[in-house]
>>> print(open('entry.txt').read())   # compact mmCIF, C-alpha atoms and all ligand atoms
# COMPACT_ATOMS: atom_id res chain seq x y z
CA MET A 968 -24.73 -16.41 -12.37
CA HIS A 969 -27.74 -17.68 -10.47
CA LEU A 970 -28.09 -21.47 -10.40
CA THR A 971 -31.09 -23.40 -9.11
CA ASN A 972 -30.64 -26.08 -6.45
CA ASP A 973 -30.78 -28.77 -9.15
CA GLU A 974 -28.13 -27.02 -11.22
CA GLU A 975 -25.91 -26.58 -8.15
CA GLY A 976 -26.32 -30.30 -7.49
CA ILE A 977 -25.19 -31.21 -11.00
CA LEU A 978 -22.23 -28.88 -10.60
CA LYS A 979 -21.26 -30.60 -7.34
CA GLY A 980 -21.36 -34.01 -9.02
CA ASP A 981 -24.68 -35.34 -7.65
CA HIS A 982 -25.59 -36.62 -11.14
CA GLY A 983 -22.20 -38.12 -11.98
CA GLU A 984 -18.90 -36.84 -13.23
CA GLY A 985 -19.94 -36.57 -16.89
CA ALA A 986 -22.90 -34.29 -16.16
CA GLN A 987 -20.68 -32.34 -13.76
CA LYS A 988 -18.10 -31.66 -16.50
CA ALA A 989 -20.84 -30.62 -18.93
CA MET A 990 -22.29 -28.23 -16.33
CA GLU A 991 -18.85 -26.81 -15.49
CA LEU A 992 -18.34 -25.90 -19.14
CA LEU A 993 -21.78 -24.29 -19.50
CA VAL A 994 -21.37 -22.27 -16.30
CA ALA A 995 -17.89 -21.10 -17.36
CA ILE A 996 -19.27 -19.96 -20.72
CA GLY A 997 -22.24 -18.31 -19.01
CA GLU A 998 -19.95 -16.41 -16.65
CA ALA A 999 -17.67 -15.35 -19.50
CA PHE A 1000 -20.69 -13.86 -21.30
CA ASP A 1001 -22.34 -12.39 -18.18
CA ALA A 1002 -25.34 -14.71 -18.36
CA GLU A 1003 -27.59 -14.42 -15.30
CA ARG A 1004 -29.11 -17.88 -15.50
CA MET A 1005 -29.48 -21.11 -17.43
CA ILE A 1006 -32.48 -21.68 -19.70
CA PRO A 1007 -33.91 -24.94 -21.06
CA VAL A 1008 -33.04 -26.02 -24.60
CA THR A 1009 -35.05 -28.72 -26.32
CA ARG A 1010 -32.58 -30.03 -28.92
CA ALA A 1011 -28.89 -29.79 -29.76
CA HIS A 1012 -26.55 -30.48 -32.64
CA ALA A 1013 -22.89 -31.22 -31.89
CA ALA A 1014 -20.68 -30.59 -34.91
CA SER A 1015 -18.61 -33.65 -34.11
CA SER A 1016 -15.39 -33.82 -36.11
CA GLY A 1017 -13.94 -37.17 -35.08
CA GLN A 1018 -10.66 -35.43 -34.25
CA GLU A 1019 -8.59 -35.11 -31.07
CA GLY A 1020 -10.39 -32.14 -29.48
CA ASP A 1021 -13.77 -33.74 -30.11
CA LEU A 1022 -12.67 -37.09 -28.70
CA PHE A 1023 -11.18 -35.43 -25.60
CA PHE A 1024 -14.48 -33.98 -24.39
CA VAL A 1025 -16.96 -36.67 -25.44
CA GLU A 1026 -14.71 -39.31 -23.82
CA ILE A 1027 -14.74 -37.45 -20.50
CA LEU A 1028 -18.53 -37.17 -20.63
CA ALA A 1029 -19.09 -40.81 -21.64
CA LYS A 1030 -16.66 -42.20 -19.05
CA GLY A 1031 -18.44 -40.04 -16.46
CA ASN A 1032 -21.74 -41.76 -17.45
CA ALA A 1033 -23.31 -38.66 -18.99
CA VAL A 1034 -26.37 -39.26 -21.17
CA CYS A 1035 -28.03 -36.84 -23.59
CA LYS A 1036 -31.21 -35.50 -22.05
CA ILE A 1037 -32.58 -33.96 -25.25
CA PRO A 1038 -32.30 -35.02 -28.93
CA THR A 1039 -28.66 -34.36 -29.85
CA THR A 1040 -27.48 -35.08 -33.37
CA THR A 1041 -23.92 -35.43 -34.70
CA ASN A 1042 -21.99 -34.11 -37.68
CA PRO A 1043 -20.36 -36.27 -40.34
CA ILE A 1044 -17.14 -38.01 -39.39
CA ALA A 1045 -16.35 -40.70 -41.97
CA ASP A 1046 -17.76 -43.92 -43.42
CA PHE A 1047 -14.52 -45.88 -43.22
CA GLU A 1048 -16.03 -49.15 -44.42
CA TYR A 1049 -17.01 -47.48 -47.66
CA PHE A 1050 -13.58 -45.94 -48.19
CA GLN A 1051 -11.87 -49.22 -47.34
CA LYS A 1052 -13.79 -50.86 -50.17
CA ILE A 1053 -12.73 -48.21 -52.68
CA ILE A 1054 -9.30 -47.09 -51.53
CA ASN A 1055 -6.86 -48.61 -49.11
CA ILE A 1056 -7.25 -47.05 -45.65
CA ALA A 1057 -5.37 -48.96 -43.02
CA GLU A 1058 -7.57 -49.66 -40.00
CA GLU A 1059 -4.70 -49.07 -37.65
CA HIS A 1060 -4.27 -45.55 -39.05
CA GLU A 1061 -4.01 -43.23 -36.02
CA GLU A 1062 -6.62 -40.76 -37.29
CA ALA A 1063 -9.02 -43.61 -38.05
CA SER A 1064 -8.66 -44.87 -34.52
CA VAL A 1065 -9.44 -41.42 -33.08
CA ALA A 1066 -12.52 -41.14 -35.27
CA TRP A 1067 -13.74 -44.69 -34.42
CA ARG A 1068 -13.40 -44.03 -30.71
CA THR A 1069 -15.15 -40.66 -31.00
CA LYS A 1070 -18.14 -42.26 -32.71
CA GLU A 1071 -18.28 -44.98 -30.07
CA TYR A 1072 -18.40 -42.42 -27.23
CA TYR A 1073 -21.15 -40.43 -28.96
CA ARG A 1074 -23.15 -43.64 -29.16
CA ARG A 1075 -22.50 -44.33 -25.49
CA ILE A 1076 -23.88 -40.99 -24.36
CA GLY A 1077 -27.02 -41.49 -26.41
CA ALA A 1078 -26.43 -39.00 -29.23
CA ILE A 1079 -28.41 -39.53 -32.44
CA MET A 1080 -25.81 -40.70 -34.97
CA SER A 1081 -27.13 -38.58 -37.83
CA GLN A 1082 -23.59 -37.83 -39.05
CA SER A 1083 -25.04 -35.11 -41.23
CA CYS A 1084 -24.11 -31.44 -41.61
CA ILE A 1085 -27.70 -30.62 -42.67
CA PRO A 1086 -29.55 -32.24 -39.71
CA TYR A 1087 -32.02 -29.34 -39.56
CA LEU A 1088 -33.60 -30.68 -42.81
CA ALA A 1089 -34.40 -34.17 -41.59
CA GLU A 1090 -33.08 -35.65 -38.36
CA ASN A 1091 -33.30 -32.70 -35.95
CA ILE A 1092 -35.65 -29.90 -37.00
CA PRO A 1093 -36.32 -27.09 -34.52
CA GLU A 1094 -39.46 -24.99 -34.62
CA TYR A 1095 -39.87 -21.22 -34.74
CA GLY A 1096 -39.15 -19.70 -31.34
CA GLU A 1097 -37.55 -22.86 -29.92
CA HIS A 1098 -34.38 -22.35 -27.83
CA VAL A 1099 -31.72 -24.82 -29.00
CA ALA A 1100 -27.93 -25.29 -29.01
CA PHE A 1101 -26.71 -25.90 -32.56
CA SER A 1102 -23.07 -25.88 -33.67
CA GLU A 1103 -21.98 -26.48 -37.32
CA SER A 1104 -21.30 -23.77 -39.89
CA SER A 1105 -24.56 -23.93 -41.85
CA ALA A 1106 -26.72 -25.17 -38.97
CA THR A 1107 -26.38 -22.17 -36.66
CA PRO A 1108 -27.38 -19.48 -39.20
CA TYR A 1109 -29.99 -21.75 -40.83
CA VAL A 1110 -31.93 -22.51 -37.66
CA ASN A 1111 -31.66 -18.90 -36.44
CA SER A 1112 -32.52 -17.22 -39.72
CA VAL A 1113 -34.58 -19.54 -41.92
CA ILE A 1114 -36.47 -21.32 -39.14
CA GLY A 1115 -36.46 -18.68 -36.42
CA ALA A 1116 -35.21 -20.97 -33.64
CA LEU A 1117 -32.80 -19.35 -31.17
CA THR A 1118 -29.22 -20.54 -30.76
CA ASN A 1119 -25.85 -19.01 -30.08
CA ARG A 1120 -22.90 -19.87 -32.29
CA GLU A 1121 -21.97 -22.99 -30.34
CA SER A 1122 -18.85 -25.13 -30.37
CA ILE A 1123 -18.99 -28.93 -30.56
CA GLN A 1124 -18.39 -29.07 -26.83
CA THR A 1125 -20.88 -26.43 -25.67
CA ALA A 1126 -23.61 -27.91 -27.88
CA LEU A 1127 -22.86 -31.38 -26.56
CA ALA A 1128 -22.85 -30.15 -22.95
CA ALA A 1129 -26.23 -28.50 -23.59
CA GLY A 1130 -27.46 -31.81 -25.01
CA VAL A 1131 -26.46 -33.57 -21.80
CA ILE A 1132 -27.85 -30.97 -19.38
CA GLY A 1133 -30.82 -29.84 -21.47
CA GLU A 1134 -29.92 -26.23 -20.70
CA THR A 1135 -27.70 -23.43 -21.95
CA PRO A 1136 -26.59 -20.13 -20.41
CA GLU A 1137 -28.92 -17.30 -21.40
CA PHE A 1138 -27.01 -14.68 -23.42
CA GLY A 1139 -26.49 -13.44 -26.98
CA LEU A 1140 -28.96 -14.68 -29.56
CA HIS A 1141 -31.30 -16.11 -26.92
CA PHE A 1142 -32.45 -12.50 -26.45
CA LYS A 1143 -34.68 -11.02 -29.15
CA GLU A 1144 -32.94 -7.63 -28.94
CA ASN A 1145 -29.60 -9.17 -29.95
CA ARG A 1146 -31.05 -10.64 -33.13
CA VAL A 1147 -31.31 -7.40 -35.08
CA GLY A 1148 -29.24 -6.52 -38.13
CA THR A 1149 -25.85 -4.82 -37.91
CA VAL A 1150 -25.03 -4.29 -41.60
CA LEU A 1151 -27.10 -3.75 -44.76
CA VAL A 1152 -26.03 -5.88 -47.72
CA SER A 1153 -27.40 -4.68 -51.03
CA VAL A 1154 -27.34 -7.62 -53.46
CA GLU A 1155 -27.18 -6.13 -56.95
CA THR A 1156 -26.38 -9.26 -58.92
CA ASN A 1157 -28.36 -12.11 -60.41
CA LEU A 1158 -28.16 -15.13 -58.07
CA LYS A 1159 -28.98 -17.93 -60.46
CA ASP A 1160 -28.11 -21.09 -58.53
CA GLY A 1161 -26.83 -22.60 -55.30
CA TYR A 1162 -23.26 -21.87 -56.34
CA SER A 1163 -23.98 -18.12 -56.67
CA TYR A 1164 -25.28 -18.22 -53.11
CA SER A 1165 -22.05 -19.94 -52.03
CA LEU A 1166 -20.01 -17.11 -53.54
CA LEU A 1167 -22.34 -14.55 -51.97
CA GLY A 1168 -21.89 -16.18 -48.56
CA GLN A 1169 -18.13 -16.38 -49.03
CA TYR A 1170 -17.98 -12.66 -49.84
CA ILE A 1171 -20.29 -11.57 -47.01
CA GLY A 1172 -18.40 -13.63 -44.43
CA LYS A 1173 -15.10 -12.10 -45.49
CA ARG A 1174 -16.41 -8.53 -45.50
CA VAL A 1175 -18.64 -8.60 -42.42
CA ASN A 1176 -16.59 -11.10 -40.40
CA TYR A 1177 -18.87 -10.99 -37.33
CA GLY A 1178 -22.36 -9.48 -37.32
CA ILE A 1179 -25.93 -9.93 -38.54
CA PRO A 1180 -26.30 -8.97 -42.21
CA VAL A 1181 -29.63 -7.80 -43.60
CA LEU A 1182 -29.79 -8.71 -47.29
CA VAL A 1183 -31.86 -6.62 -49.67
CA GLY A 1184 -32.28 -6.96 -53.44
CA ILE A 1185 -33.14 -10.68 -53.42
CA THR A 1186 -36.52 -10.83 -55.12
CA LYS A 1187 -37.13 -14.56 -55.25
CA ARG A 1188 -37.35 -16.84 -52.20
CA PRO A 1189 -34.08 -18.81 -52.01
CA THR A 1190 -34.37 -22.59 -52.37
CA ILE A 1191 -33.24 -24.80 -49.50
CA ASP A 1192 -29.83 -25.57 -51.03
CA GLN A 1193 -29.31 -21.86 -51.73
CA TYR A 1194 -30.00 -21.05 -48.08
CA VAL A 1195 -27.76 -23.90 -46.91
CA ASN A 1196 -24.85 -22.71 -49.08
CA LEU A 1197 -25.27 -19.10 -48.03
CA CYS A 1198 -25.24 -20.12 -44.36
CA ALA A 1199 -22.27 -22.50 -44.65
CA MET A 1200 -20.03 -20.05 -46.48
CA MET A 1201 -20.90 -16.93 -44.42
CA ASN A 1202 -20.17 -18.83 -41.26
CA THR A 1203 -16.88 -20.26 -42.57
CA SER A 1204 -15.22 -17.29 -44.25
CA GLY A 1205 -16.68 -15.22 -41.40
CA ALA A 1206 -18.44 -15.91 -38.12
CA ILE A 1207 -22.02 -15.04 -38.99
CA PRO A 1208 -24.54 -16.68 -36.65
CA MET A 1209 -27.65 -15.31 -38.36
CA PHE A 1210 -28.94 -13.00 -41.10
CA HIS A 1211 -32.20 -11.56 -42.35
CA ILE A 1212 -33.69 -11.43 -45.83
CA PRO A 1213 -36.76 -9.32 -45.03
CA GLY A 1214 -39.91 -10.93 -46.41
CA PHE A 1215 -38.31 -14.38 -46.71
CA THR A 1216 -36.47 -15.36 -43.51
CA ALA A 1217 -38.40 -16.02 -40.35
CA GLU A 1218 -38.11 -12.96 -38.14
CA ALA A 1219 -38.38 -9.77 -40.17
CA LYS A 1220 -40.90 -8.74 -42.80
CA THR A 1221 -39.29 -5.36 -43.48
CA VAL A 1222 -35.81 -3.84 -43.42
CA GLU A 1223 -36.84 -1.58 -40.53
CA GLU A 1224 -37.97 -4.58 -38.52
CA ALA A 1225 -34.74 -6.44 -39.34
CA PHE A 1226 -32.70 -3.56 -37.87
CA GLY A 1227 -35.03 -3.19 -34.90
CA GLY A 1228 -35.60 0.47 -35.84
CA ASN A 1229 -31.87 1.27 -35.76
CA THR A 1230 -30.94 3.47 -38.73
CA GLN A 1231 -27.19 3.66 -37.98
CA HIS A 1232 -25.50 0.77 -39.75
CA ASP A 1233 -22.86 0.05 -42.37
CA LYS A 1234 -23.75 -0.80 -45.95
CA ILE A 1235 -22.10 -3.16 -48.41
CA VAL A 1236 -22.97 -3.40 -52.10
CA ILE A 1237 -22.41 -6.68 -53.93
CA THR A 1238 -22.44 -6.75 -57.73
CA ASP A 1239 -21.22 -9.26 -60.34
CA ARG A 1240 -17.78 -7.75 -59.89
CA GLU A 1241 -17.50 -8.76 -56.21
CA LEU A 1242 -18.78 -12.29 -56.87
CA HIS A 1243 -16.34 -12.68 -59.76
CA GLN A 1244 -13.51 -11.37 -57.60
CA ILE A 1245 -14.23 -13.83 -54.77
CA GLU A 1246 -14.46 -16.67 -57.27
CA GLU A 1247 -11.12 -15.76 -58.81
CA GLU A 1248 -9.49 -15.73 -55.36
CA LEU A 1249 -10.51 -19.37 -54.95
CA GLN A 1250 -9.21 -20.59 -58.35
CA THR A 1251 -5.73 -22.03 -58.15
CA ALA A 1252 -5.88 -24.76 -60.82
CA THR A 1253 -5.47 -24.32 -64.53
CA GLY A 1254 -5.86 -27.10 -67.06
CA ASP A 1255 -7.36 -30.56 -66.58
CA ILE A 1256 -8.60 -31.78 -63.24
CA GLU A 1257 -8.19 -35.23 -61.70
CA ALA A 1258 -10.88 -35.24 -59.00
CA VAL A 1259 -14.24 -33.70 -58.14
CA ILE A 1260 -15.85 -33.36 -54.72
CA LEU A 1261 -19.48 -32.24 -54.35
CA GLY A 1262 -21.69 -32.18 -51.27
CA CYS A 1263 -19.92 -29.87 -48.81
CA PRO A 1264 -22.37 -29.16 -47.14
CA HIS A 1265 -24.05 -32.51 -47.75
CA TYR A 1266 -26.24 -32.57 -50.83
CA ASN A 1267 -29.98 -32.76 -50.21
CA LEU A 1268 -32.43 -34.89 -52.21
CA ASP A 1269 -33.15 -32.18 -54.75
CA GLN A 1270 -29.45 -31.68 -55.46
CA LEU A 1271 -29.00 -35.44 -55.92
CA ASN A 1272 -31.90 -35.35 -58.36
CA GLN A 1273 -30.23 -32.53 -60.33
CA LEU A 1274 -26.94 -34.41 -60.31
CA ALA A 1275 -28.60 -37.64 -61.48
CA GLN A 1276 -30.15 -35.74 -64.41
CA LEU A 1277 -26.72 -34.39 -65.39
CA LEU A 1278 -25.01 -37.79 -65.14
CA LYS A 1279 -27.80 -39.89 -66.69
CA GLY A 1280 -26.39 -42.20 -69.37
CA LYS A 1281 -22.94 -40.55 -69.16
CA LYS A 1282 -19.57 -41.79 -67.90
CA ILE A 1283 -16.91 -40.13 -65.74
CA ARG A 1284 -13.60 -39.96 -67.64
CA ASP A 1285 -10.91 -42.52 -66.78
CA GLY A 1286 -8.40 -41.09 -64.35
CA ILE A 1287 -10.95 -38.83 -62.62
CA SER A 1288 -12.33 -39.69 -59.21
CA PHE A 1289 -15.73 -38.15 -58.60
CA TRP A 1290 -17.15 -37.97 -55.07
CA VAL A 1291 -20.52 -36.80 -53.79
CA ASN A 1292 -21.27 -36.40 -50.08
CA THR A 1293 -24.70 -36.72 -48.55
CA SER A 1294 -26.36 -37.89 -45.35
CA ALA A 1295 -27.46 -41.49 -44.81
CA THR A 1296 -31.09 -40.34 -44.53
CA THR A 1297 -30.92 -38.53 -47.86
CA LYS A 1298 -29.19 -41.45 -49.54
CA LEU A 1299 -31.94 -43.81 -48.41
CA LEU A 1300 -34.57 -41.62 -50.08
CA ALA A 1301 -32.36 -41.16 -53.15
CA GLU A 1302 -31.96 -44.92 -53.42
CA ARG A 1303 -35.72 -45.49 -53.27
CA THR A 1304 -36.26 -42.75 -55.83
CA GLY A 1305 -33.63 -44.12 -58.25
CA TYR A 1306 -31.07 -41.30 -58.15
CA VAL A 1307 -28.32 -43.37 -56.52
CA GLN A 1308 -28.24 -45.96 -59.28
CA THR A 1309 -28.04 -43.29 -61.99
CA ILE A 1310 -25.23 -41.45 -60.19
CA GLU A 1311 -23.21 -44.60 -59.49
CA GLU A 1312 -23.66 -46.00 -63.01
CA SER A 1313 -21.72 -42.99 -64.27
CA GLY A 1314 -18.73 -43.99 -62.13
CA ALA A 1315 -19.31 -41.37 -59.40
CA HIS A 1316 -19.10 -42.41 -55.73
CA LEU A 1317 -21.91 -41.42 -53.37
CA VAL A 1318 -20.52 -41.21 -49.83
CA VAL A 1319 -22.50 -40.93 -46.59
CA ASP A 1320 -21.57 -39.88 -43.03
CA THR A 1321 -18.33 -38.24 -44.18
CA CYS A 1322 -16.86 -34.75 -43.81
CA ILE A 1323 -14.45 -33.20 -46.22
CA ASP A 1324 -12.14 -32.44 -43.30
CA MET A 1325 -11.19 -36.10 -42.74
CA PHE A 1326 -8.10 -38.11 -43.53
CA CYS A 1327 -10.02 -40.43 -45.87
CA TRP A 1328 -9.51 -37.79 -48.57
CA ASN A 1329 -5.72 -37.87 -48.25
CA HIS A 1330 -5.52 -39.91 -51.46
CA LEU A 1331 -6.50 -36.72 -53.35
CA LYS A 1332 -3.57 -34.70 -51.99
CA GLY A 1333 -1.66 -32.94 -54.71
CA LYS A 1334 -4.25 -33.74 -57.41
CA ALA A 1335 -5.90 -30.96 -59.35
CA GLY A 1336 -9.49 -30.91 -58.16
CA MET A 1337 -12.80 -29.20 -58.73
CA THR A 1338 -15.67 -28.44 -56.38
CA ASP A 1339 -18.81 -26.33 -56.19
CA SER A 1340 -18.00 -25.45 -52.56
CA PRO A 1341 -15.70 -22.63 -51.44
CA LYS A 1342 -15.65 -24.38 -48.06
CA CYS A 1343 -14.30 -27.57 -49.65
CA ALA A 1344 -11.70 -25.48 -51.53
CA TYR A 1345 -10.75 -23.90 -48.20
CA TYR A 1346 -10.04 -27.30 -46.62
CA ARG A 1347 -7.42 -27.98 -49.33
CA ARG A 1348 -8.20 -31.60 -49.99
CA PHE A 1349 -6.68 -31.21 -53.42
CA GLY A 1350 -3.51 -29.62 -54.65
CA PRO A 1351 -4.63 -26.84 -56.98
CA VAL A 1352 -8.38 -26.32 -57.14
CA LYS A 1353 -11.04 -24.98 -59.49
CA VAL A 1354 -14.47 -23.90 -58.34
CA GLY A 1355 -17.63 -23.86 -60.43
CA ASN A 1356 -21.29 -24.78 -60.27
CA MET A 1357 -22.58 -28.34 -60.32
CA GLN A 1358 -22.98 -28.34 -64.11
CA GLU A 1359 -19.41 -27.12 -64.62
CA CYS A 1360 -18.03 -29.70 -62.19
CA VAL A 1361 -19.87 -32.49 -64.02
CA ALA A 1362 -18.87 -31.21 -67.47
CA SER A 1363 -15.19 -31.14 -66.49
CA ALA A 1364 -15.32 -34.79 -65.42
CA LEU A 1365 -17.31 -36.41 -68.22
CA LYS A 1366 -15.87 -38.43 -71.07
CA LYS A 1367 -15.47 -36.29 -74.12
CA LYS A 1368 -17.50 -37.49 -77.11
FE1 LIG B 1 -20.18 -30.66 -44.00
FE2 LIG B 1 -17.66 -31.17 -43.44
FE3 LIG B 1 -18.25 -29.64 -45.50
S1 LIG B 1 -19.27 -30.78 -42.00
S2 LIG B 1 -20.04 -28.58 -44.73
S3 LIG B 1 -18.75 -31.80 -45.30
S4 LIG B 1 -16.53 -29.39 -44.13
>>> encode(input="entry.txt", output="structure tokens")
Amino acid sequence: MHLTNDEEGILKGDHGEGAQKAMELLVAIGEAFDAERMIPVTRAHAASSGQEGDLFFVEILAKGNAVCKIPTTTNPIADFEYFQKIINIAEEHEEASVAWRTKEYYRRIGAIMSQSCIPYLAENIPEYGEHVAFSESSATPYVNSVIGALTNRESIQTALAAGVIGETPEFGLHFKENRVGTVLVSVETNLKDGYSYSLLGQYIGKRVNYGIPVLVGITKRPTIDQYVNLCAMMNTSGAIPMFHIPGFTAEAKTVEEAFGGNTQHDKIVITDRELHQIEEELQTATGDIEAVILGCPHYNLDQLNQLAQLLKGKKIRDGISFWVNTSATTKLLAERTGYVQTIEESGAHLVVDTCIDMFCWNHLKGKAGMTDSPKCAYYRRFGPVKVGNMQECVASALKKK
């Protein structure tokens, strides 16, 4: 791999130990993928988890005086203060301490503490054609496909290292020719809401595993939450870094263009039967539920509006805990617009900065739960679980008349 004099200097430690470690990681990745050089990136998103592996690397960088050179946002970890008010989380809890320290080190290296898993909608929005380094399940396919920015499927650490150096090794999806479709997905079912897109993503991820699907049969432009759900689930049940919906996503107007002229590719057909089958695989609860979690990925403003309409003037049943995750930025707007009050008056909790994969949900262990997110079901925060759309989740939690 060819490095410039400046890059060699960073690698030798001329800019401090933190930058050196970041550069070592990027060069190692570049060499593993036969990159010939580093290229500039203009923004990064580190899918911080607040767990041991995350802490390990950010601590090394921060103690080595590394500082983010480009806007670098963070993923949700947990809003402990909020949970401490509602349920009893001991501050000395080992996992809490790891998460606290992780957040502190991200602050020290100058990351933007967005703590959102949808940063590409508000806090860190790339442009078409911009080279970036974005980790996070929905973020990578969203910025590649919907926006047309260029990123590989980064880890927390490689995205963070790119944020510190302002560069990434040039390979994979940074080349136009690697962004063409590998499999045709014929969608022959009616996708009526964000939840249908979650199931679609869950199915595609499982079937394709790794590749670039080209979706045909979708006749209406997906809404933002539909795109977000599709991205999150495809890149969780599988490892899908981008996709095309010719005519709607950023880079291909036609199927031919999406495949780059290649006519040799696999084909998958998805009908009601496949979506029903994937939904049934996720259902493990029967009977009444005791908890609901929505907002994995974080709900956007429009989803909070829909939820507020469903909960308006209604009450959550006694014995049910009802949780909705969103970003702090979205909550601020929702507060000003009046949605937060309506949601909280029903007895639901609106939580910011928090990921479903955190210990603050341990109090739900063993309870029968419901969610509109296959990803949340996958993380097994509940005992048995039901999945359904937002309306079904709300209906199962409301007081019966
Ligand atoms: Fe977001 Fe965590 Fe779910 S990052 S998508 S809340 S698992």
>>> residues_around(input="entry.txt", residues="A:Thr1309", least_positions_apart="6", cutoff="9 Å", atoms="all atoms listed in the file", output="ChimeraX atom specification")
/A:1275-1276,1278-1280
>>> residues_near_point(input="entry.txt", point="(-20.6, -35.4, -17.6)", cutoff="10 Å", atoms="all atoms listed in the file", output="PDB file with C-alpha atoms, keeping the file's coordinate frame")
ATOM      1  CA  ILE A 977     -25.190 -31.210 -11.000  1.00  0.00           C
ATOM      2  CA  LEU A 978     -22.230 -28.880 -10.600  1.00  0.00           C
ATOM      3  CA  GLY A 980     -21.360 -34.010  -9.020  1.00  0.00           C
ATOM      4  CA  HIS A 982     -25.590 -36.620 -11.140  1.00  0.00           C
ATOM      5  CA  GLY A 983     -22.200 -38.120 -11.980  1.00  0.00           C
ATOM      6  CA  GLU A 984     -18.900 -36.840 -13.230  1.00  0.00           C
ATOM      7  CA  GLY A 985     -19.940 -36.570 -16.890  1.00  0.00           C
ATOM      8  CA  ALA A 986     -22.900 -34.290 -16.160  1.00  0.00           C
ATOM      9  CA  GLN A 987     -20.680 -32.340 -13.760  1.00  0.00           C
ATOM     10  CA  LYS A 988     -18.100 -31.660 -16.500  1.00  0.00           C
ATOM     11  CA  ALA A 989     -20.840 -30.620 -18.930  1.00  0.00           C
ATOM     12  CA  MET A 990     -22.290 -28.230 -16.330  1.00  0.00           C
ATOM     13  CA  GLU A 991     -18.850 -26.810 -15.490  1.00  0.00           C
ATOM     14  CA  LEU A 992     -18.340 -25.900 -19.140  1.00  0.00           C
ATOM     15  CA  PHE A1024     -14.480 -33.980 -24.390  1.00  0.00           C
ATOM     16  CA  VAL A1025     -16.960 -36.670 -25.440  1.00  0.00           C
ATOM     17  CA  GLU A1026     -14.710 -39.310 -23.820  1.00  0.00           C
ATOM     18  CA  ILE A1027     -14.740 -37.450 -20.500  1.00  0.00           C
ATOM     19  CA  LEU A1028     -18.530 -37.170 -20.630  1.00  0.00           C
ATOM     20  CA  ALA A1029     -19.090 -40.810 -21.640  1.00  0.00           C
ATOM     21  CA  LYS A1030     -16.660 -42.200 -19.050  1.00  0.00           C
ATOM     22  CA  GLY A1031     -18.440 -40.040 -16.460  1.00  0.00           C
ATOM     23  CA  ASN A1032     -21.740 -41.760 -17.450  1.00  0.00           C
ATOM     24  CA  ALA A1033     -23.310 -38.660 -18.990  1.00  0.00           C
ATOM     25  CA  VAL A1034     -26.370 -39.260 -21.170  1.00  0.00           C
ATOM     26  CA  CYS A1035     -28.030 -36.840 -23.590  1.00  0.00           C
ATOM     27  CA  ILE A1076     -23.880 -40.990 -24.360  1.00  0.00           C
ATOM     28  CA  ALA A1128     -22.850 -30.150 -22.950  1.00  0.00           C
ATOM     29  CA  VAL A1131     -26.460 -33.570 -21.800  1.00  0.00           C
ATOM     30  CA  ILE A1132     -27.850 -30.970 -19.380  1.00  0.00           C
TER      31      ILE A1132
END
>>> closest_residue(input="entry.txt", among="A:Ala1129, A:Val1110, A:Ala1078, A:Ala1014", to="ligand LIG 1 (chain B)", atoms="only C-alpha atoms and all ligand atoms")
A:Ala1014
>>> atom_distance(input="entry.txt", atom1="atom CA of A:Glu1071", atom2="atom CA of A:Gln1051")
18.9 Å
>>> closest_residue(input="entry.txt", among="A:Ile1179, A:Ala1002, A:Ala1199, A:Val1113", to="A:Gly1139", atoms="all atoms listed in the file")
A:Ala1002
>>> residues_near_ligand(input="entry.txt", ligand="ligand LIG 1 (chain B)", cutoff="9 Å", atoms="all atoms listed in the file", output="PyMOL selection string")
chain A and resi 1014-1016+1042-1044+1082-1085+1103-1105+1196+1199-1200+1262-1265+1292-1293+1320-1325+1340+1342-1343+1345-1346
>>> residues_around(input="entry.txt", residues="A:Tyr1049", least_positions_apart="2", cutoff="12 Å", atoms="all atoms listed in the file", output="JSON list (two decimals) with C-alpha atoms, keeping the file's coordinate frame")
[["chain", "number", "residue", "atom", "x", "y", "z"],
["A", 1045, "ALA", "CA", -16.35, -40.70, -41.97],
["A", 1046, "ASP", "CA", -17.76, -43.92, -43.42],
["A", 1047, "PHE", "CA", -14.52, -45.88, -43.22],
["A", 1051, "GLN", "CA", -11.87, -49.22, -47.34],
["A", 1052, "LYS", "CA", -13.79, -50.86, -50.17],
["A", 1053, "ILE", "CA", -12.73, -48.21, -52.68],
["A", 1054, "ILE", "CA", -9.30, -47.09, -51.53],
["A", 1055, "ASN", "CA", -6.86, -48.61, -49.11],
["A", 1056, "ILE", "CA", -7.25, -47.05, -45.65],
["A", 1316, "HIS", "CA", -19.10, -42.41, -55.73],
["A", 1317, "LEU", "CA", -21.91, -41.42, -53.37],
["A", 1318, "VAL", "CA", -20.52, -41.21, -49.83],
["A", 1319, "VAL", "CA", -22.50, -40.93, -46.59],
["A", 1320, "ASP", "CA", -21.57, -39.88, -43.03],
["A", 1321, "THR", "CA", -18.33, -38.24, -44.18],
["A", 1327, "CYS", "CA", -10.02, -40.43, -45.87]]
>>> atom_distance(input="entry.txt", atom1="atom CA of A:Thr1297", atom2="atom CA of A:Val1008")
26.5 Å
>>> residues_around(input="entry.txt", residues="stretch 970-974 of chain A", least_positions_apart="4", cutoff="9 Å", atoms="all atoms listed in the file", output="list in words")
Leu978, Lys979, Met990, Val994, Glu1003, Arg1004 and Met1005 of chain A
>>> residues_around(input="entry.txt", residues="stretch 1181-1193 of chain A", least_positions_apart="2", cutoff="8 Å", atoms="all atoms listed in the file", output="PyMOL selection string")
chain A and resi 1148-1155+1160-1162+1164-1165+1179+1195-1197+1210-1213+1215+1222+1225-1226+1266-1267+1270
>>> closest_residue(input="entry.txt", among="A:Arg1240, A:His1012, A:Lys1220, A:Arg1284", to="A:Val1361", atoms="only C-alpha atoms")
A:Arg1284
